[in-house]
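K.L.:
Sharing a structure with you now.
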Amino acid sequence: MPPDRVHARRRAIGEHIRTARLHANLSQEQTAQGAGLGLASYNRIEQGHASPLLDNLIRIADAIGVPLADLVRE
């Protein structure tokens, strides 16, 4: 289990992803498919339960149509 501050940051990134996805009018399934991820894996990233690889964050940003920085900003 990561330290609390890391887990909190992971949840915040997941919330940024969710907000961007909803703003783009995309479902989790559409976003996961566009990013080349399984739905369960994508869901765990968005919920902050999984630590995504940078490559996956880039693919998620591309699938949603936002800059990567929008997903990881503080």
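Each chain in the structure tokens gets a letter, A, B, ..., in the order shown, and its residues are numbered from 1; ligands are numbered from 1 in order too.
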Would you kindly return, as a list of chain:residue names, each protein, DNA or RNA residue with an atom no farther than 7 Å from any atom of stretch 16-20 of chain A, considering only C-alpha atoms and excluding same-chain residues fewer than 6 positions away?
P.N.:
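The neighbour list is A:Glu46, A:Ile64, A:Leu71.
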K.L.:
Name the residues of chain A that fall into helix (DSSP H, G or I) according to DSSP on the backbone, using the chain letters and numbers of this document, as an MDAnalysis selection string.
P.N.:
chainID A and resid 4:23 28:35 39:46 54:64 68:72
K.L.:
Print the selection's residues with C-alpha atoms to a file, as a short mmCIF file (atom, residue, chain, number, x, y, z; two decimals), in the first residue's frame.
P.N.:
```cif
data_model
loop_
_atom_site.label_atom_id
_atom_site.label_comp_id
_atom_site.auth_asym_id
_atom_site.auth_seq_id
_atom_site.Cartn_x
_atom_site.Cartn_y
_atom_site.Cartn_z
CA ASP A 4 -1.46 8.19 2.18
CA ARG A 5 -0.21 11.21 0.22
CA VAL A 6 0.50 9.03 -2.82
CA HIS A 7 -2.87 7.32 -2.59
CA ALA A 8 -4.62 10.71 -2.28
CA ARG A 9 -2.78 12.02 -5.34
CA ARG A 10 -3.70 8.89 -7.30
CA ARG A 11 -7.38 9.46 -6.43
CA ALA A 12 -7.09 13.11 -7.50
CA ILE A 13 -5.68 12.08 -10.89
CA GLY A 14 -8.52 9.59 -11.25
CA GLU A 15 -10.99 12.40 -10.56
CA HIS A 16 -9.32 14.59 -13.21
CA ILE A 17 -9.66 11.72 -15.68
CA ARG A 18 -13.33 11.21 -14.78
CA THR A 19 -14.12 14.93 -15.08
CA ALA A 20 -12.40 15.18 -18.48
CA ARG A 21 -14.14 12.01 -19.69
CA LEU A 22 -17.58 13.26 -18.67
CA HIS A 23 -16.89 16.68 -20.21
CA GLN A 28 -15.76 4.48 -19.35
CA GLU A 29 -16.09 1.75 -21.95
CA GLN A 30 -15.51 4.15 -24.85
CA THR A 31 -12.51 5.69 -23.13
CA ALA A 32 -11.00 2.34 -22.20
CA GLN A 33 -11.44 1.08 -25.75
CA GLY A 34 -9.94 4.25 -27.22
CA ALA A 35 -6.96 3.93 -24.89
CA LEU A 39 -12.60 -1.77 -18.87
CA ALA A 40 -11.67 -3.17 -15.45
CA SER A 41 -8.14 -1.77 -15.69
CA TYR A 42 -9.43 1.62 -16.79
CA ASN A 43 -11.99 1.66 -14.00
CA ARG A 44 -9.30 0.93 -11.38
CA ILE A 45 -7.22 3.86 -12.71
CA GLU A 46 -10.19 6.24 -12.67
CA LEU A 54 2.81 6.84 -17.97
CA ASP A 55 2.09 5.23 -21.35
CA ASN A 56 -1.45 4.44 -20.21
CA LEU A 57 -2.01 7.99 -18.98
CA ILE A 58 -0.89 9.28 -22.38
CA ARG A 59 -3.28 6.89 -24.14
CA ILE A 60 -6.14 7.91 -21.83
CA ALA A 61 -5.47 11.61 -22.49
CA ASP A 62 -5.42 10.93 -26.24
CA ALA A 63 -8.66 8.90 -26.05
CA ILE A 64 -10.40 11.73 -24.20
CA LEU A 68 -1.77 14.87 -20.49
CA ALA A 69 -1.12 17.84 -18.17
CA ASP A 70 -4.88 18.25 -17.67
CA LEU A 71 -5.02 14.81 -16.07
CA VAL A 72 -2.11 15.20 -13.68
#
```
